[in-house]
$ cat protein.txt   # compact mmCIF, C-alpha atoms
# COMPACT_ATOMS: atom_id res chain seq x y z
CA MET N 1 -23.90 -14.25 17.89
CA PHE N 2 -20.40 -14.76 19.13
CA LYS N 3 -21.72 -17.31 21.59
CA THR N 4 -23.48 -19.26 18.84
CA LEU N 5 -20.34 -19.38 16.72
CA LEU N 6 -18.21 -20.47 19.65
CA LYS N 7 -20.77 -23.04 20.69
CA LYS N 8 -20.69 -24.45 17.17
CA ASP N 9 -16.91 -24.93 17.28
CA LEU N 10 -17.04 -26.46 20.75
CA LEU N 11 -19.93 -28.76 19.90
CA VAL N 12 -18.27 -30.05 16.76
CA GLU N 13 -15.16 -30.74 18.80
CA LEU N 14 -17.06 -32.31 21.66
CA ARG N 15 -18.68 -34.78 19.26
CA SER N 16 -15.67 -35.67 17.16
CA ARG N 17 -12.81 -34.93 19.60
CA GLU N 18 -10.75 -34.66 16.44
CA ILE N 19 -8.72 -31.59 17.34
CA SER N 20 -7.96 -32.14 21.01
CA ALA N 21 -7.22 -35.83 20.56
CA SER N 22 -4.78 -35.21 17.73
CA MET N 23 -3.16 -32.28 19.56
CA LEU N 24 -2.69 -34.30 22.73
CA THR N 25 -1.35 -37.43 21.06
CA PHE N 26 0.96 -35.39 18.90
CA GLY N 27 2.23 -33.54 21.98
CA LEU N 28 2.97 -36.80 23.76
CA ALA N 29 4.84 -38.07 20.72
CA VAL N 30 6.93 -34.89 20.67
CA ILE N 31 7.81 -35.25 24.35
CA LEU N 32 8.90 -38.81 23.69
CA ILE N 33 11.06 -37.66 20.78
CA PHE N 34 12.60 -34.92 22.94
CA SER N 35 13.47 -37.43 25.64
CA PHE N 36 15.18 -39.71 23.13
CA ALA N 37 16.86 -36.97 21.13
CA PHE N 38 18.34 -35.19 24.16
CA ASN N 39 19.44 -37.91 26.49
CA VAL N 40 21.07 -35.61 29.02
CA SER N 41 21.04 -34.97 32.74
CA SER N 42 18.02 -33.30 34.25
CA ASP N 43 19.70 -30.00 35.13
CA ILE N 44 20.72 -29.53 31.50
CA PHE N 45 17.17 -30.40 30.52
CA ALA N 46 15.90 -27.78 32.94
CA ARG N 47 17.81 -25.14 31.01
CA PHE N 48 16.37 -26.21 27.66
CA ALA N 49 12.88 -26.97 28.94
CA PRO N 50 11.28 -23.54 28.28
CA GLY N 51 12.46 -23.58 24.66
CA LEU N 52 11.39 -27.19 24.14
CA TYR N 53 8.06 -26.49 25.78
CA TRP N 54 7.15 -23.59 23.50
CA THR N 55 8.46 -25.36 20.41
CA MET N 56 6.15 -28.23 21.25
CA ILE N 57 3.22 -25.88 21.90
CA LEU N 58 3.80 -24.13 18.60
CA PHE N 59 3.77 -27.45 16.70
CA ILE N 60 0.66 -28.53 18.56
CA ALA N 61 -1.01 -25.21 17.79
CA VAL N 62 -0.28 -25.55 14.07
CA LEU N 63 -1.80 -28.99 14.09
CA GLY N 64 -4.92 -27.81 15.90
CA LEU N 65 -5.32 -24.73 13.73
CA HIS N 66 -5.01 -26.75 10.59
CA ARG N 67 -7.57 -29.28 11.79
CA SER N 68 -9.99 -26.60 12.88
CA PHE N 69 -9.81 -24.69 9.60
CA SER N 70 -9.66 -27.64 7.24
CA HIS N 71 -12.81 -28.87 8.91
CA GLU N 72 -14.45 -25.66 7.74
CA ARG N 73 -13.10 -26.24 4.27
CA GLU N 74 -13.96 -29.91 3.95
CA PHE N 75 -17.59 -29.38 4.78
CA ASP N 76 -17.68 -25.96 3.18
CA THR N 77 -19.17 -24.64 6.39
CA PHE N 78 -17.33 -21.37 6.04
CA SER N 79 -19.49 -20.29 3.11
CA THR N 80 -22.55 -21.03 5.25
CA ILE N 81 -21.25 -18.94 8.12
CA LEU N 82 -20.53 -16.13 5.69
CA ALA N 83 -24.10 -16.27 4.41
CA ALA N 84 -25.29 -15.39 7.91
CA PRO N 85 -25.61 -11.71 8.79
CA VAL N 86 -22.75 -11.73 11.28
CA ASP N 87 -20.02 -9.24 11.91
CA ARG N 88 -16.96 -10.89 10.32
CA GLY N 89 -14.84 -9.86 13.26
CA LEU N 90 -16.96 -12.08 15.49
CA ILE N 91 -16.18 -15.10 13.31
CA TYR N 92 -12.51 -14.38 13.93
CA LEU N 93 -13.05 -13.94 17.67
CA SER N 94 -14.94 -17.22 17.90
CA LYS N 95 -12.15 -19.05 16.07
CA LEU N 96 -9.59 -17.38 18.31
CA THR N 97 -11.50 -18.34 21.45
CA SER N 98 -12.13 -21.95 20.46
CA GLY N 99 -8.50 -22.35 19.38
CA PHE N 100 -7.37 -20.82 22.66
CA LEU N 101 -9.55 -23.20 24.65
CA PHE N 102 -8.39 -26.28 22.73
CA LEU N 103 -4.77 -25.31 23.15
CA LEU N 104 -5.29 -24.60 26.84
CA LEU N 105 -6.95 -27.95 27.38
CA THR N 106 -4.09 -29.69 25.60
CA GLN N 107 -1.56 -27.80 27.67
CA ILE N 108 -3.24 -28.71 30.93
CA LEU N 109 -3.18 -32.35 29.96
CA ILE N 110 0.30 -32.34 28.51
CA SER N 111 2.19 -30.34 31.13
CA GLY N 112 2.11 -33.29 33.52
CA PRO N 113 3.86 -35.73 31.17
CA PHE N 114 6.22 -32.95 30.07
CA VAL N 115 7.41 -32.30 33.63
CA LEU N 116 7.44 -35.99 34.46
CA PHE N 117 9.26 -37.37 31.44
CA LEU N 118 11.80 -34.58 31.23
CA GLN N 119 12.31 -34.83 35.01
CA LEU N 120 11.73 -31.17 35.72
CA GLU N 121 10.85 -29.44 38.94
CA VAL N 122 7.65 -27.43 39.05
CA PRO N 123 8.49 -23.82 39.86
CA ARG N 124 7.09 -22.31 43.04
CA ASP N 125 5.55 -19.34 41.22
CA TRP N 126 3.30 -21.52 39.14
CA GLY N 127 0.70 -18.75 39.13
CA TYR N 128 3.05 -16.66 37.02
CA LEU N 129 3.69 -19.66 34.84
CA LEU N 130 -0.02 -19.96 34.21
CA LEU N 131 -0.17 -16.28 33.25
CA VAL N 132 2.73 -16.68 30.83
CA ILE N 133 1.10 -19.73 29.30
CA LEU N 134 -2.28 -18.01 28.91
CA LEU N 135 -0.74 -14.98 27.26
CA GLY N 136 1.44 -17.12 25.00
CA ASN N 137 -1.57 -19.18 23.96
CA PHE N 138 -3.63 -16.12 23.23
CA GLY N 139 -0.90 -14.59 21.07
CA ILE N 140 -0.30 -17.80 19.12
CA MET N 141 -4.00 -18.20 18.45
CA ALA N 142 -4.51 -14.49 17.64
CA ILE N 143 -2.03 -14.58 14.78
CA GLY N 144 -2.56 -18.27 14.07
CA SER N 145 -6.30 -17.93 13.42
CA LEU N 146 -5.64 -15.07 11.05
CA VAL N 147 -2.88 -16.89 9.15
CA SER N 148 -4.86 -20.14 8.99
CA ALA N 149 -7.83 -18.31 7.53
CA LEU N 150 -5.51 -16.84 4.91
CA ALA N 151 -4.03 -20.22 4.04
CA MET N 152 -7.23 -22.21 4.40
CA ARG N 153 -8.28 -22.25 0.78
CA ALA N 154 -4.82 -22.26 -0.76
CA LYS N 155 -3.24 -25.38 -2.16
CA MET N 156 -0.85 -27.00 0.32
CA SER N 157 -2.47 -25.14 3.20
CA GLU N 158 -0.97 -27.58 5.68
CA VAL N 159 2.50 -26.40 4.63
CA LEU N 160 1.56 -22.75 4.30
CA VAL N 161 0.30 -22.39 7.87
CA PRO N 162 3.65 -23.09 9.59
CA ILE N 163 5.62 -21.29 6.87
CA LEU N 164 3.60 -18.13 7.41
CA LEU N 165 3.11 -18.54 11.13
CA PHE N 166 6.60 -19.32 12.45
CA PRO N 167 8.41 -16.16 11.35
CA LEU N 168 5.44 -13.97 12.29
CA VAL N 169 5.14 -15.52 15.73
CA SER N 170 8.88 -15.42 16.49
CA PRO N 171 8.76 -12.34 18.79
CA LEU N 172 6.04 -13.99 20.87
CA LEU N 173 8.05 -17.20 21.02
CA ILE N 174 11.09 -15.29 22.27
CA ALA N 175 9.03 -13.52 24.92
CA SER N 176 7.26 -16.69 26.06
CA VAL N 177 10.47 -18.72 26.30
CA LYS N 178 12.26 -15.95 28.19
CA ALA N 179 9.36 -15.46 30.58
CA THR N 180 9.01 -19.19 31.19
CA ALA N 181 12.72 -19.52 31.83
CA ALA N 182 12.55 -16.64 34.30
CA VAL N 183 9.69 -18.25 36.21
CA PHE N 184 11.55 -21.57 36.33
CA ALA N 185 14.66 -19.80 37.61
CA GLY N 186 12.55 -18.07 40.27
CA PHE N 187 13.46 -14.51 39.25
CA PRO N 188 11.32 -11.71 40.74
CA LEU N 189 8.66 -10.30 38.43
CA GLY N 190 10.43 -6.94 38.09
CA GLU N 191 13.30 -8.56 36.21
CA TRP N 192 11.26 -10.16 33.49
CA GLN N 193 8.00 -8.21 33.31
CA LEU N 194 9.27 -6.81 30.02
CA TRP N 195 8.59 -10.19 28.41
CA LEU N 196 5.09 -10.24 29.83
CA GLN N 197 4.50 -6.80 28.34
CA LEU N 198 5.76 -8.05 25.00
CA GLN N 199 3.37 -10.99 25.14
CA ILE N 200 0.49 -8.65 25.96
CA THR N 201 1.45 -6.25 23.17
CA PHE N 202 1.69 -9.06 20.66
CA GLY N 203 -1.69 -10.49 21.63
CA ALA N 204 -3.34 -7.07 21.62
CA VAL N 205 -1.88 -5.97 18.26
CA PHE N 206 -2.76 -9.12 16.36
CA GLY N 207 -6.03 -9.74 18.15
CA LEU N 208 -7.14 -6.29 17.08
CA ALA N 209 -5.65 -6.61 13.59
CA GLY N 210 -7.44 -9.94 13.12
CA PHE N 211 -10.74 -8.52 14.34
CA LEU N 212 -10.49 -5.57 11.95
CA LEU N 213 -8.98 -7.34 8.94
CA PHE N 214 -11.26 -10.36 8.99
CA ASP N 215 -13.93 -8.28 7.33
CA ASN N 216 -11.80 -8.20 4.19
CA LEU N 217 -10.74 -11.80 4.52
CA ALA N 218 -14.12 -13.39 4.89
CA GLU N 219 -16.10 -12.35 1.87
CA GLU N 220 -17.29 -14.26 -1.09
CA MET J 1 -0.20 2.43 -25.77
CA GLN J 2 2.78 4.66 -25.25
CA SER J 3 6.08 3.04 -24.43
CA ILE J 4 7.40 3.85 -20.99
CA TRP J 5 10.69 4.88 -22.59
CA LYS J 6 8.93 7.81 -24.21
CA ASN J 7 7.72 9.05 -20.85
CA ARG J 8 9.74 12.19 -20.09
CA ARG J 9 9.75 11.71 -16.33
CA PHE J 10 10.81 8.09 -16.61
CA GLN J 11 13.65 9.03 -19.00
CA LEU J 12 14.92 11.57 -16.49
CA LEU J 13 14.67 9.17 -13.58
CA PHE J 14 16.32 6.33 -15.47
CA GLY J 15 19.14 8.54 -16.79
CA GLY J 16 19.61 9.98 -13.32
CA ALA J 17 19.82 6.51 -11.80
CA VAL J 18 22.50 5.37 -14.28
CA ILE J 19 24.64 8.47 -13.75
CA MET J 20 24.24 8.30 -9.98
CA MET J 21 25.22 4.62 -9.91
CA VAL J 22 28.49 5.44 -11.71
CA ILE J 23 29.27 8.43 -9.49
CA ASN J 24 28.40 6.36 -6.43
CA LEU J 25 30.85 3.64 -7.38
CA ILE J 26 33.66 6.15 -7.99
CA ASN J 27 32.77 7.81 -4.72
CA ILE J 28 33.00 4.60 -2.78
CA LEU J 29 36.15 3.20 -4.39
CA VAL J 30 38.17 6.37 -4.97
CA ASN J 31 36.81 9.43 -3.23
CA SER J 32 35.77 8.23 0.21
CA PRO J 33 38.62 7.83 2.70
CA MET J 34 39.67 4.44 4.04
CA HIS J 35 38.20 3.64 7.44
CA PRO J 36 41.04 3.68 10.01
CA THR J 37 40.36 0.22 11.47
CA GLN J 38 38.23 -1.67 9.01
CA HIS J 39 39.83 -0.65 5.71
CA TRP J 40 38.18 -2.25 2.70
CA ALA J 41 35.66 -4.17 4.78
CA GLN J 42 33.92 -0.94 5.68
CA LYS J 43 33.25 -0.16 2.00
CA ILE J 44 30.53 -2.78 1.87
CA PHE J 45 28.47 -0.57 4.15
CA TYR J 46 27.85 1.81 1.27
CA TYR J 47 25.86 -1.02 -0.30
CA HIS J 48 24.70 -2.99 2.70
CA VAL J 49 22.87 -0.22 4.55
CA PRO J 50 21.13 1.29 1.49
CA CYS J 51 19.96 -2.20 0.50
CA ALA J 52 18.49 -2.63 3.98
CA TRP J 53 16.85 0.80 3.82
CA VAL J 54 15.31 0.05 0.43
CA GLY J 55 14.17 -3.37 1.68
CA PHE J 56 12.37 -1.88 4.66
CA LEU J 57 10.94 0.90 2.51
CA SER J 58 9.51 -1.78 0.21
CA TYR J 59 7.74 -3.53 3.00
CA LEU J 60 6.24 -0.22 4.08
CA ILE J 61 5.00 0.23 0.52
CA VAL J 62 3.59 -3.32 0.52
CA ALA J 63 1.60 -2.50 3.66
CA ILE J 64 0.35 0.84 2.30
CA ALA J 65 -0.57 -0.75 -1.05
CA GLY J 66 -2.38 -3.47 0.92
CA VAL J 67 -4.48 -0.94 2.81
CA LEU J 68 -5.26 0.94 -0.42
CA PHE J 69 -6.21 -2.26 -2.21
CA LEU J 70 -8.56 -3.34 0.55
CA LYS J 71 -10.16 0.11 0.50
CA THR J 72 -10.49 0.59 -3.27
CA ARG J 73 -10.29 -2.97 -4.69
CA ASP J 74 -8.32 -1.47 -7.54
CA PHE J 75 -5.78 -3.98 -8.88
CA LYS J 76 -3.20 -1.31 -9.53
CA TRP J 77 -2.56 -1.30 -5.77
CA ASP J 78 -2.21 -5.06 -5.76
CA ASN J 79 0.32 -4.79 -8.56
CA LEU J 80 2.21 -2.08 -6.70
CA GLY J 81 2.26 -4.25 -3.59
CA LEU J 82 3.53 -7.28 -5.45
CA ALA J 83 6.20 -5.24 -7.25
CA ALA J 84 7.38 -3.74 -3.97
CA ALA J 85 7.44 -7.16 -2.30
CA GLU J 86 9.50 -8.67 -5.12
CA ILE J 87 12.03 -5.87 -5.28
CA GLY J 88 12.14 -5.57 -1.50
CA THR J 89 12.90 -9.26 -1.17
CA PHE J 90 15.64 -8.94 -3.77
CA PHE J 91 17.32 -6.18 -1.74
CA THR J 92 16.75 -8.11 1.47
CA ILE J 93 18.66 -11.04 -0.03
CA LEU J 94 21.49 -8.62 -0.84
CA VAL J 95 21.46 -7.49 2.80
CA LEU J 96 21.69 -11.09 3.97
CA ILE J 97 24.62 -11.69 1.63
CA THR J 98 26.56 -8.50 2.35
CA GLY J 99 25.98 -8.67 6.13
CA PRO J 100 27.90 -11.91 6.72
CA ILE J 101 30.65 -10.78 4.30
CA TRP J 102 31.25 -7.73 6.45
CA ALA J 103 30.81 -9.67 9.69
CA SER J 104 33.43 -12.26 8.78
CA ALA J 105 35.95 -9.50 8.16
CA ALA J 106 35.02 -7.38 11.18
CA TRP J 107 33.89 -9.87 13.80
CA GLY J 108 35.69 -12.95 12.56
CA LYS J 109 32.50 -14.96 12.15
CA ALA J 110 29.92 -14.85 9.44
CA TRP J 111 26.76 -14.92 11.48
CA THR J 112 25.81 -13.21 14.71
CA TRP J 113 22.30 -12.64 15.98
CA GLU J 114 22.65 -8.93 15.56
CA PRO J 115 19.13 -7.45 15.92
CA ARG J 116 18.94 -5.73 12.56
CA LEU J 117 20.27 -8.72 10.66
CA THR J 118 17.98 -11.06 12.59
CA THR J 119 14.95 -8.86 11.94
CA THR J 120 15.86 -8.81 8.25
CA THR J 121 16.10 -12.59 8.18
CA ILE J 122 12.70 -13.01 9.80
CA LEU J 123 11.20 -10.50 7.36
CA PHE J 124 12.75 -12.38 4.47
CA LEU J 125 11.11 -15.60 5.64
CA ILE J 126 7.75 -13.86 6.02
CA TYR J 127 8.00 -12.67 2.43
CA VAL J 128 8.92 -16.12 1.16
CA GLY J 129 5.59 -17.13 2.68
CA TYR J 130 3.98 -14.12 0.99
CA PHE J 131 5.07 -15.38 -2.44
CA MET J 132 3.98 -18.91 -1.64
CA LEU J 133 0.55 -17.63 -0.67
CA ARG J 134 0.48 -15.79 -3.98
CA SER J 135 1.29 -18.85 -6.04
CA PHE J 136 -0.88 -21.33 -4.15
CA GLY J 137 -3.71 -19.02 -3.22
CA GLY J 138 -6.11 -19.69 -6.10
CA ALA J 139 -8.46 -17.05 -7.51
CA PRO J 140 -6.65 -13.75 -8.30
CA GLU J 141 -9.13 -11.54 -6.48
CA ARG J 142 -8.90 -13.60 -3.31
CA VAL J 143 -5.12 -13.83 -3.49
CA ALA J 144 -4.92 -10.07 -3.84
CA ARG J 145 -7.02 -9.59 -0.71
CA TYR J 146 -5.16 -12.23 1.27
CA THR J 147 -1.71 -10.99 0.40
CA ALA J 148 -2.78 -7.42 1.17
CA ILE J 149 -3.74 -8.61 4.65
CA LEU J 150 -0.49 -10.53 5.04
CA GLY J 151 1.49 -7.44 3.99
CA ILE J 152 -0.24 -5.40 6.68
CA ILE J 153 0.30 -8.04 9.38
CA ALA J 154 3.96 -8.40 8.44
CA PHE J 155 4.50 -4.69 8.75
CA LEU J 156 2.77 -4.55 12.15
CA ASP J 157 5.14 -7.29 13.25
CA VAL J 158 8.36 -5.47 12.31
CA PRO J 159 8.71 -3.25 15.41
CA ILE J 160 7.75 -6.14 17.72
CA ILE J 161 10.28 -8.43 16.05
CA PHE J 162 13.01 -5.84 16.26
CA LEU J 163 12.34 -5.09 19.93
CA SER J 164 12.14 -8.74 20.95
CA VAL J 165 15.30 -9.71 19.08
CA LYS J 166 17.14 -6.75 20.56
CA LEU J 167 16.16 -7.78 24.08
CA TRP J 168 16.68 -11.45 23.36
CA ALA J 169 20.42 -11.28 22.67
CA PRO J 170 21.74 -8.16 24.43
CA GLU J 171 25.30 -9.50 24.42
CA VAL J 172 25.48 -9.10 20.65
CA GLN J 173 25.00 -5.37 21.13
CA SER J 174 28.49 -4.99 22.49
CA HIS J 175 30.04 -5.91 19.16
CA PRO J 176 31.71 -2.94 17.49
CA GLN J 177 29.32 -1.39 15.02
CA VAL J 178 30.14 1.17 12.42
CA GLU J 179 27.84 3.97 13.45
CA MET J 180 27.38 6.04 10.37
CA ASN J 181 26.41 9.23 12.15
CA SER J 182 29.66 9.33 14.08
CA GLN J 183 31.79 9.10 10.94
CA PRO J 184 33.91 11.89 9.44
CA ILE J 185 32.04 14.08 7.01
CA ASN J 186 33.48 12.61 3.81
CA ILE J 187 32.49 9.06 4.77
CA LEU J 188 29.04 10.25 5.84
CA GLY J 189 28.65 12.26 2.61
CA ALA J 190 29.48 9.29 0.38
CA PHE J 191 27.16 7.13 2.46
CA LEU J 192 24.23 9.52 2.16
CA PHE J 193 24.81 9.81 -1.58
CA SER J 194 24.74 6.02 -1.85
CA LEU J 195 21.50 5.97 0.12
CA LEU J 196 19.97 8.45 -2.31
CA THR J 197 21.29 6.52 -5.33
CA PHE J 198 19.76 3.27 -4.15
CA THR J 199 16.46 5.00 -3.51
CA VAL J 200 16.42 6.37 -7.06
CA VAL J 201 17.39 2.99 -8.53
CA TYR J 202 14.70 1.38 -6.44
CA TRP J 203 12.15 3.86 -7.73
CA VAL J 204 13.08 3.03 -11.35
CA MET J 205 12.76 -0.70 -10.64
CA LEU J 206 9.44 -0.27 -8.88
CA TRP J 207 8.07 1.82 -11.71
CA LEU J 208 9.11 -0.69 -14.36
CA ARG J 209 7.90 -3.73 -12.46
CA THR J 210 4.55 -2.19 -11.59
CA ARG J 211 4.09 -1.24 -15.22
CA ILE J 212 4.83 -4.77 -16.41
CA LEU J 213 2.37 -6.19 -13.88
CA ASN J 214 -0.26 -3.65 -14.93
CA LEU J 215 0.22 -4.58 -18.58
CA GLN J 216 -0.04 -8.27 -17.73
CA SER J 217 -3.30 -7.73 -15.89
CA GLY J 218 -4.63 -5.73 -18.81
CA ARG J 219 -4.32 -2.21 -17.48
CA ASN J 220 -2.57 0.75 -19.03
$ encode --input "protein.txt" --output "structure tokens"
Amino acid sequence: MFKTLLKKDLLVELRSREISASMLTFGLAVILIFSFAFNVSSDIFARFAPGLYWTMILFIAVLGLHRSFSHEREFDTFSTILAAPVDRGLIYLSKLTSGFLFLLLTQILISGPFVLFLQLEVPRDWGYLLLVILLGNFGIMAIGSLVSALAMRAKMSEVLVPILLFPLVSPLLIASVKATAAVFAGFPLGEWQLWLQLQITFGAVFGLAGFLLFDNLAEE
Amino acid sequence: MQSIWKNRRFQLLFGGAVIMMVINLINILVNSPMHPTQHWAQKIFYYHVPCAWVGFLSYLIVAIAGVLFLKTRDFKWDNLGLAAAEIGTFFTILVLITGPIWASAAWGKAWTWEPRLTTTTILFLIYVGYFMLRSFGGAPERVARYTAILGIIAFLDVPIIFLSVKLWAPEVQSHPQVEMNSQPINILGAFLFSLLTFTVVYWVMLWLRTRILNLQSGRN
């Protein structure tokens, strides 16, 4: 059932390319704005890069989440999904997974321009960087899918999503920025594994909370 | 319907709160000794810390009321949750006002990213979102469910926020703090009494507010 739900999200996206296209274009626009707003030397940029990167990702994620959930609202597909005899938790997991995949795809495409335009050097431990990015993505989408579902049918949902999400996601943002900065600085894992653990904890807590609470959220 | 003012237990609690407030003020201004280094600035702690305690207590109550509402679907729990959120946010604002007042006297600058103050700020923002979700959410039954979920998520986030903020800015830790448990007995005594007073006052407020909300939603 989970597969069917996920396939539905991916198929809709594959045909319209609404979410990934808007996420990617928006991301590029943000990078451009960063370059203009902070016209500084590249070693100063290197120090700010982790923070800028995750700020950008968070904005992109909000955009994608809003698109993904307002699609459900516009076509009232959510009521249809709810009519199906599916465990509500699986609906959440499918939204989390599709959101995660869209964000990951955007990140893969956008990291090149980000490094290029901000004149950064790719760290040697890029494997760790990938891990940090995956965990950060998962955490953002775990809480983001839950919050977006809460805000979906409210008035001004496009404003409510970031207002609810940003303070809630702040510990994950701190952990992701710190971990990314540590990888860029080439610190050994032992010095910053704490931030990885925080990312994992955050993802686990809210992934589980979303899975369990979605039952109460998705009912008509 | 019987007026709340004829309720014996409420009369006692209300009378107790008024008397304790007066004693507390005399205690703070006259009876408790002057702190050797901070003088008058330290006095704000008799209000600041109890406000923070009551604020955090509220958010615990919001989360518990949320769980109970989702389990029973009885609107009295929704009303309790809303009342606790409102009063908790009120006390949180007081914390955010009294904190910088003390900090400008003690540290010479109004704002530092001290973990407790930062956590309080983030919580405050989450609860602003909580009220926005309430007012824009739509149908009362759905709003009650959604805000119950948000209250639970917010509470799950508190320890993660606190931990991440604490690790994020370790240099702030070295600022001199007034540790209440290492104070002379007469400062500690006055402080504990103030803590108790605020808890009683909070209880009175919560009782009244919940009752008003119950009356508005047609319950006794």
$ closest_residue --input "protein.txt" --among "N:Leu196, N:Leu101, N:Ile81, N:Ala46" --to "Phe2 in chain N" --atoms "all atoms listed in the file"
N:Ile81
$ closest_residue --input "protein.txt" --among "J:Leu96, J:Leu82, J:Ala103, J:Leu208" --to "Ser135 in chain J" --atoms "all atoms listed in the file"
J:Leu82
$ interface_residues --input "protein.txt" --of "chain N" --to "chain J" --cutoff "6 Å" --atoms "all atoms listed in the file" --output "ChimeraX atom specification"
/N:150,154-155,163-164,167,171
$ residues_around --input "protein.txt" --residues "Lys8 in chain N" --least-positions-apart "3" --cutoff "12 Å" --atoms "all atoms listed in the file" --output "PyMOL selection string"
chain N and resi 1-5+11-15+68+72+77+81+91+94-95+97-98
$ residues_near_point --input "protein.txt" --point "(4.7, 2.7, -24.4)" --cutoff "12 Å" --atoms "all atoms listed in the file" --output "MDAnalysis selection string"
chainID J and resid 1:8 10 208 211:212 215 220
$ closest_residue --input "protein.txt" --among "N:Leu165, N:Val40, N:Ile133, N:Ile108" --to "Gly27 in chain N" --atoms "all atoms listed in the file"
N:Ile108
$ closest_residue --input "protein.txt" --among "J:Pro184, J:Pro140, J:Gly16, J:Gly55" --to "Gly88 in chain J" --atoms "all atoms listed in the file"
J:Gly55
$ atom_distance --input "protein.txt" --atom1 "CA of Gln11 in chain J" --atom2 "CA of Val49 in chain J"
26.9 Å
$ residues_around --input "protein.txt" --residues "Leu93 in chain N" --least-positions-apart "4" --cutoff "12 Å" --atoms "only C-alpha atoms" --output "ChimeraX atom specification"
/N:1-6,9,86-89,97-100,138,141-146,206-215
$ closest_residue --input "protein.txt" --among "J:Thr72, J:Gln42, J:Thr118, J:Thr89" --to "Ala105 in chain J" --atoms "all atoms listed in the file"
J:Gln42
$ residues_near_point --input "protein.txt" --point "(16.3, -4.0, -3.5)" --cutoff "6 Å" --atoms "only C-alpha atoms" --output "number ranges by chain"
J: 51, 54-55, 87-88, 90-91
$ closest_residue --input "protein.txt" --among "N:Leu28, N:Ala49, N:Ile57, N:Ile174" --to "Phe102 in chain N" --atoms "only C-alpha atoms"
N:Ile57
$ atom_distance --input "protein.txt" --atom1 "CA of Leu198 in chain N" --atom2 "CA of Arg116 in chain J"
18.3 Å
$ residues_around --input "protein.txt" --residues "Met34 in chain J" --least-positions-apart "2" --cutoff "12 Å" --atoms "all atoms listed in the file" --output "list in words"
Asn27, Ile28, Leu29, Val30, Asn31, Ser32, Pro36, Thr37, Gln38, His39, Trp40, Ala41, Gln42, Lys43, Ile44, Gln183, Pro184, Asn186, Ile187 and Ala190 of chain J
$ atom_distance --input "protein.txt" --atom1 "CA of Phe191 in chain J" --atom2 "CA of Gly81 in chain J"
28.0 Å
